[in-house]
>>> print(open('start.txt').read())   # compact mmCIF, N, CA and C atoms
# COMPACT_ATOMS: atom_id res chain seq x y z
N ILE A 3 -5.56 40.22 6.45
CA ILE A 3 -6.34 41.25 7.12
C ILE A 3 -5.37 42.26 7.74
N ASN A 4 -5.56 43.51 7.42
CA ASN A 4 -4.67 44.58 7.91
C ASN A 4 -3.19 44.23 7.71
N ARG A 5 -2.88 43.66 6.55
CA ARG A 5 -1.52 43.28 6.16
C ARG A 5 -0.90 42.20 7.05
N ILE A 6 -1.75 41.47 7.77
CA ILE A 6 -1.28 40.34 8.58
C ILE A 6 -1.69 39.07 7.85
N HIS A 7 -0.68 38.24 7.55
CA HIS A 7 -0.93 36.99 6.83
C HIS A 7 -0.93 35.84 7.82
N LYS A 8 -1.93 34.97 7.70
CA LYS A 8 -2.03 33.79 8.55
C LYS A 8 -2.33 32.57 7.69
N ASP A 9 -1.95 31.40 8.18
CA ASP A 9 -2.28 30.15 7.52
C ASP A 9 -3.52 29.56 8.17
N TYR A 10 -4.37 28.96 7.34
CA TYR A 10 -5.62 28.38 7.82
C TYR A 10 -5.75 26.94 7.32
N LEU A 11 -6.43 26.12 8.11
CA LEU A 11 -6.80 24.77 7.72
C LEU A 11 -8.21 24.84 7.15
N HIS A 12 -8.41 24.29 5.96
CA HIS A 12 -9.70 24.33 5.29
C HIS A 12 -10.40 23.00 5.53
N ILE A 13 -11.57 23.03 6.17
CA ILE A 13 -12.35 21.82 6.44
C ILE A 13 -13.64 21.89 5.63
N ARG A 14 -13.94 20.80 4.89
CA ARG A 14 -15.15 20.74 4.08
C ARG A 14 -16.26 20.02 4.82
N TYR A 15 -17.47 20.52 4.67
CA TYR A 15 -18.66 19.88 5.20
C TYR A 15 -19.57 19.54 4.04
N GLN A 16 -20.72 18.95 4.33
CA GLN A 16 -21.66 18.57 3.27
C GLN A 16 -22.08 19.81 2.49
N GLY A 17 -22.29 19.63 1.20
CA GLY A 17 -22.69 20.75 0.35
C GLY A 17 -21.51 21.67 0.11
N THR A 18 -21.75 22.95 0.23
CA THR A 18 -20.68 23.92 -0.01
C THR A 18 -20.15 24.53 1.29
N ASP A 19 -20.54 23.99 2.42
CA ASP A 19 -20.10 24.54 3.70
C ASP A 19 -18.60 24.35 3.89
N LYS A 20 -17.95 25.37 4.39
CA LYS A 20 -16.51 25.34 4.63
C LYS A 20 -16.23 25.97 5.99
N LEU A 21 -15.15 25.53 6.59
CA LEU A 21 -14.71 26.12 7.85
C LEU A 21 -13.21 26.33 7.76
N TYR A 22 -12.75 27.52 8.08
CA TYR A 22 -11.33 27.82 8.07
C TYR A 22 -10.87 27.99 9.52
N VAL A 23 -9.94 27.15 9.93
CA VAL A 23 -9.43 27.17 11.29
C VAL A 23 -8.00 27.73 11.26
N PRO A 24 -7.71 28.79 12.01
CA PRO A 24 -6.34 29.30 12.05
C PRO A 24 -5.39 28.22 12.55
N VAL A 25 -4.21 28.16 11.95
CA VAL A 25 -3.24 27.12 12.30
C VAL A 25 -2.85 27.21 13.78
N ASP A 26 -2.86 28.40 14.35
CA ASP A 26 -2.50 28.51 15.78
C ASP A 26 -3.60 27.98 16.69
N GLN A 27 -4.76 27.60 16.12
CA GLN A 27 -5.84 26.98 16.90
C GLN A 27 -6.10 25.55 16.43
N ILE A 28 -5.11 24.93 15.81
CA ILE A 28 -5.28 23.59 15.24
C ILE A 28 -5.56 22.54 16.31
N ASP A 29 -5.22 22.84 17.57
CA ASP A 29 -5.50 21.90 18.65
C ASP A 29 -7.00 21.71 18.86
N LEU A 30 -7.83 22.55 18.27
CA LEU A 30 -9.29 22.42 18.37
C LEU A 30 -9.83 21.38 17.40
N VAL A 31 -8.99 20.94 16.45
CA VAL A 31 -9.39 19.96 15.44
C VAL A 31 -8.87 18.60 15.85
N GLN A 32 -9.72 17.58 15.75
CA GLN A 32 -9.33 16.21 16.09
C GLN A 32 -9.46 15.32 14.87
N LYS A 33 -8.61 14.31 14.80
CA LYS A 33 -8.66 13.35 13.71
C LYS A 33 -9.91 12.49 13.87
N TYR A 34 -10.54 12.19 12.74
CA TYR A 34 -11.71 11.31 12.76
C TYR A 34 -11.24 9.88 12.96
N VAL A 35 -11.82 9.19 13.92
CA VAL A 35 -11.52 7.78 14.16
C VAL A 35 -12.82 7.01 14.01
N GLY A 36 -12.85 6.14 13.03
CA GLY A 36 -14.06 5.38 12.78
C GLY A 36 -13.73 4.00 12.26
N SER A 37 -14.71 3.36 11.69
CA SER A 37 -14.53 2.02 11.14
C SER A 37 -13.57 2.07 9.96
N GLU A 38 -12.67 1.11 9.93
CA GLU A 38 -11.68 1.08 8.87
C GLU A 38 -12.36 0.78 7.53
N GLY A 39 -12.00 1.52 6.51
CA GLY A 39 -12.55 1.32 5.19
C GLY A 39 -13.92 1.93 4.98
N LYS A 40 -14.45 2.58 5.99
CA LYS A 40 -15.79 3.17 5.88
C LYS A 40 -15.64 4.70 5.82
N GLU A 41 -16.25 5.29 4.84
CA GLU A 41 -16.20 6.74 4.69
C GLU A 41 -17.04 7.41 5.79
N PRO A 42 -16.53 8.49 6.39
CA PRO A 42 -17.33 9.19 7.40
C PRO A 42 -18.49 9.94 6.75
N LYS A 43 -19.58 10.04 7.46
CA LYS A 43 -20.74 10.79 6.96
C LYS A 43 -20.48 12.27 7.18
N LEU A 44 -20.74 13.05 6.15
CA LEU A 44 -20.57 14.50 6.24
C LEU A 44 -21.91 15.13 6.57
N TYR A 45 -21.89 16.10 7.46
CA TYR A 45 -23.11 16.79 7.86
C TYR A 45 -23.02 18.25 7.44
N LYS A 46 -24.16 18.86 7.25
CA LYS A 46 -24.21 20.28 6.93
C LYS A 46 -23.84 21.06 8.18
N LEU A 47 -23.02 22.05 8.01
CA LEU A 47 -22.56 22.87 9.12
C LEU A 47 -23.75 23.58 9.76
N GLY A 48 -23.97 23.31 11.05
CA GLY A 48 -25.10 23.92 11.77
C GLY A 48 -26.44 23.27 11.45
N GLY A 49 -26.42 22.11 10.81
CA GLY A 49 -27.66 21.44 10.42
C GLY A 49 -28.29 20.67 11.56
N SER A 50 -29.55 20.29 11.36
CA SER A 50 -30.29 19.58 12.41
C SER A 50 -29.86 18.12 12.53
N ASP A 51 -29.36 17.52 11.42
CA ASP A 51 -28.92 16.11 11.48
C ASP A 51 -27.79 15.95 12.48
N TRP A 52 -26.83 16.85 12.44
CA TRP A 52 -25.68 16.78 13.35
C TRP A 52 -26.15 16.96 14.79
N LYS A 53 -27.09 17.84 15.03
CA LYS A 53 -27.60 18.05 16.38
C LYS A 53 -28.29 16.79 16.91
N LYS A 54 -29.01 16.07 16.03
CA LYS A 54 -29.67 14.82 16.43
C LYS A 54 -28.64 13.77 16.82
N VAL A 55 -27.58 13.64 16.00
CA VAL A 55 -26.52 12.67 16.29
C VAL A 55 -25.84 13.00 17.61
N LYS A 56 -25.55 14.29 17.83
CA LYS A 56 -24.91 14.71 19.08
C LYS A 56 -25.80 14.41 20.28
N ARG A 57 -27.08 14.70 20.16
CA ARG A 57 -28.02 14.47 21.26
C ARG A 57 -28.10 12.97 21.59
N LYS A 58 -28.16 12.14 20.54
CA LYS A 58 -28.23 10.70 20.73
C LYS A 58 -26.95 10.18 21.40
N ASP A 59 -25.80 10.66 20.96
CA ASP A 59 -24.53 10.23 21.56
C ASP A 59 -24.40 10.68 23.01
N GLN A 60 -24.84 11.89 23.30
CA GLN A 60 -24.79 12.38 24.68
C GLN A 60 -25.68 11.52 25.58
N SER A 61 -26.82 11.11 25.05
CA SER A 61 -27.72 10.24 25.82
C SER A 61 -27.07 8.89 26.07
N SER A 62 -26.38 8.34 25.05
CA SER A 62 -25.69 7.05 25.21
C SER A 62 -24.58 7.14 26.24
N VAL A 63 -23.82 8.22 26.20
CA VAL A 63 -22.74 8.42 27.17
C VAL A 63 -23.31 8.52 28.58
N GLN A 64 -24.43 9.20 28.73
CA GLN A 64 -25.07 9.33 30.05
C GLN A 64 -25.52 7.97 30.55
N ASP A 65 -26.09 7.14 29.65
CA ASP A 65 -26.53 5.80 30.04
C ASP A 65 -25.35 4.95 30.50
N ILE A 66 -24.24 5.02 29.78
CA ILE A 66 -23.04 4.25 30.15
C ILE A 66 -22.51 4.73 31.50
N ALA A 67 -22.50 6.03 31.72
CA ALA A 67 -22.04 6.58 33.00
C ALA A 67 -22.93 6.11 34.14
N ASP A 68 -24.24 6.09 33.93
CA ASP A 68 -25.17 5.62 34.96
C ASP A 68 -24.92 4.14 35.28
N ASP A 69 -24.70 3.33 34.23
CA ASP A 69 -24.41 1.91 34.44
C ASP A 69 -23.11 1.71 35.22
N LEU A 70 -22.10 2.51 34.91
CA LEU A 70 -20.83 2.40 35.63
C LEU A 70 -20.98 2.78 37.10
N ILE A 71 -21.76 3.81 37.37
CA ILE A 71 -21.98 4.22 38.76
C ILE A 71 -22.67 3.10 39.53
N LYS A 72 -23.68 2.47 38.92
CA LYS A 72 -24.37 1.35 39.57
C LYS A 72 -23.42 0.18 39.80
N LEU A 73 -22.59 -0.13 38.81
CA LEU A 73 -21.64 -1.23 38.92
C LEU A 73 -20.65 -1.01 40.06
N TYR A 74 -20.09 0.19 40.13
CA TYR A 74 -19.13 0.48 41.19
C TYR A 74 -19.79 0.50 42.56
N ALA A 75 -21.05 0.93 42.63
CA ALA A 75 -21.77 0.90 43.90
C ALA A 75 -21.99 -0.54 44.35
N GLU A 76 -22.34 -1.43 43.41
CA GLU A 76 -22.52 -2.84 43.74
C GLU A 76 -21.20 -3.47 44.19
N ARG A 77 -20.12 -3.13 43.53
CA ARG A 77 -18.81 -3.68 43.91
C ARG A 77 -18.39 -3.20 45.29
N GLU A 78 -18.70 -1.95 45.58
CA GLU A 78 -18.34 -1.38 46.90
C GLU A 78 -19.14 -2.06 48.01
N ALA A 79 -20.39 -2.41 47.73
CA ALA A 79 -21.26 -3.00 48.75
C ALA A 79 -21.04 -4.50 48.91
N ALA A 80 -20.43 -5.14 47.90
CA ALA A 80 -20.25 -6.60 47.94
C ALA A 80 -19.21 -6.98 49.00
N VAL A 81 -19.48 -8.13 49.65
CA VAL A 81 -18.54 -8.66 50.64
C VAL A 81 -17.49 -9.48 49.91
N GLY A 82 -16.23 -9.20 50.19
CA GLY A 82 -15.14 -9.91 49.53
C GLY A 82 -14.63 -11.06 50.38
N PHE A 83 -13.65 -11.77 49.85
CA PHE A 83 -13.03 -12.88 50.56
C PHE A 83 -11.57 -12.52 50.83
N ALA A 84 -11.17 -12.60 52.08
CA ALA A 84 -9.79 -12.29 52.46
C ALA A 84 -8.99 -13.59 52.51
N PHE A 85 -7.96 -13.67 51.70
CA PHE A 85 -7.10 -14.85 51.71
C PHE A 85 -6.11 -14.75 52.86
N SER A 86 -5.68 -15.91 53.33
CA SER A 86 -4.67 -15.93 54.41
C SER A 86 -3.33 -15.46 53.83
N PRO A 87 -2.45 -14.97 54.70
CA PRO A 87 -1.13 -14.52 54.21
C PRO A 87 -0.37 -15.68 53.58
N ASP A 88 0.55 -15.38 52.65
CA ASP A 88 1.35 -16.40 51.99
C ASP A 88 2.20 -17.17 53.00
N GLY A 89 2.27 -18.46 52.78
CA GLY A 89 3.10 -19.31 53.64
C GLY A 89 4.48 -19.53 53.02
N ASP A 90 5.28 -20.41 53.65
CA ASP A 90 6.62 -20.68 53.17
C ASP A 90 6.61 -21.29 51.78
N LEU A 91 5.69 -22.20 51.53
CA LEU A 91 5.62 -22.86 50.23
C LEU A 91 5.26 -21.90 49.11
N GLN A 92 4.43 -20.91 49.41
CA GLN A 92 4.03 -19.95 48.38
C GLN A 92 5.17 -18.96 48.08
N ARG A 93 5.95 -18.61 49.10
CA ARG A 93 7.07 -17.70 48.88
C ARG A 93 8.13 -18.41 48.08
>>> encode(input="start.txt", output="structure tokens")
Amino acid sequence: INRIHKDYLHIRYQGTDKLYVPVDQIDLVQKYVGSEGKEPKLYKLGGSDWKKVKRKDQSSVQDIADDLIKLYAEREAAVGFAFSPDGDLQR
């Protein structure tokens, strides 16, 4: 473009969808981490299937966060046991 040459990363999606990411923005791309030996599912770029998966995952993350908040609140409220200081035999 305007005699400026750039390198791009070509990412394929389901069907004929393609995305070109400039190499200077490669930090926006993350490696897929999934089950070993299992092919990742490809979604159509901007499709409704991907939005459903994202919504479901966001809901799961929210549920986990809520559970963690409850757990830490219970731990904070619980009465602990204070051990006596170490004696000569323990040192």
>>> residues_around(input="start.txt", residues="region 32-48 of chain A", least_positions_apart="5", cutoff="6.5 Å", atoms="all atoms listed in the file", output="ChimeraX atom specification")
/A:15-17,19
>>> closest_residue(input="start.txt", among="A:Lys53, A:His12, A:Arg77, A:Arg93", to="Val31 (chain A)", atoms="only C-alpha atoms")
A:His12
>>> residues_near_point(input="start.txt", point="(-4.0, 31.4, 10.4)", cutoff="6.5 Å", atoms="all atoms listed in the file", output="list in words")
His7, Lys8, Asp9, Tyr10, Leu11, Val23, Pro24, Val25 and Asp26 of chain A
>>> atom_distance(input="start.txt", atom1="atom C of Gly49 (chain A)", atom2="atom N of Leu30 (chain A)")
21.6 Å
>>> select_by_dssp(input="start.txt", residues="chain A", states="alpha helix (DSSP H)", output="number ranges by chain")
A: 50-79
>>> select_by_dssp(input="start.txt", residues="chain A", states="strand (DSSP E or B)", output="list of chain:residue names")
A:Tyr10, A:Leu11, A:His12, A:Ile13, A:Arg14, A:Lys20, A:Leu21, A:Tyr22, A:Val23, A:Pro24
>>> atom_distance(input="start.txt", atom1="CA of Ile28 (chain A)", atom2="CA of Gln60 (chain A)")
24.4 Å
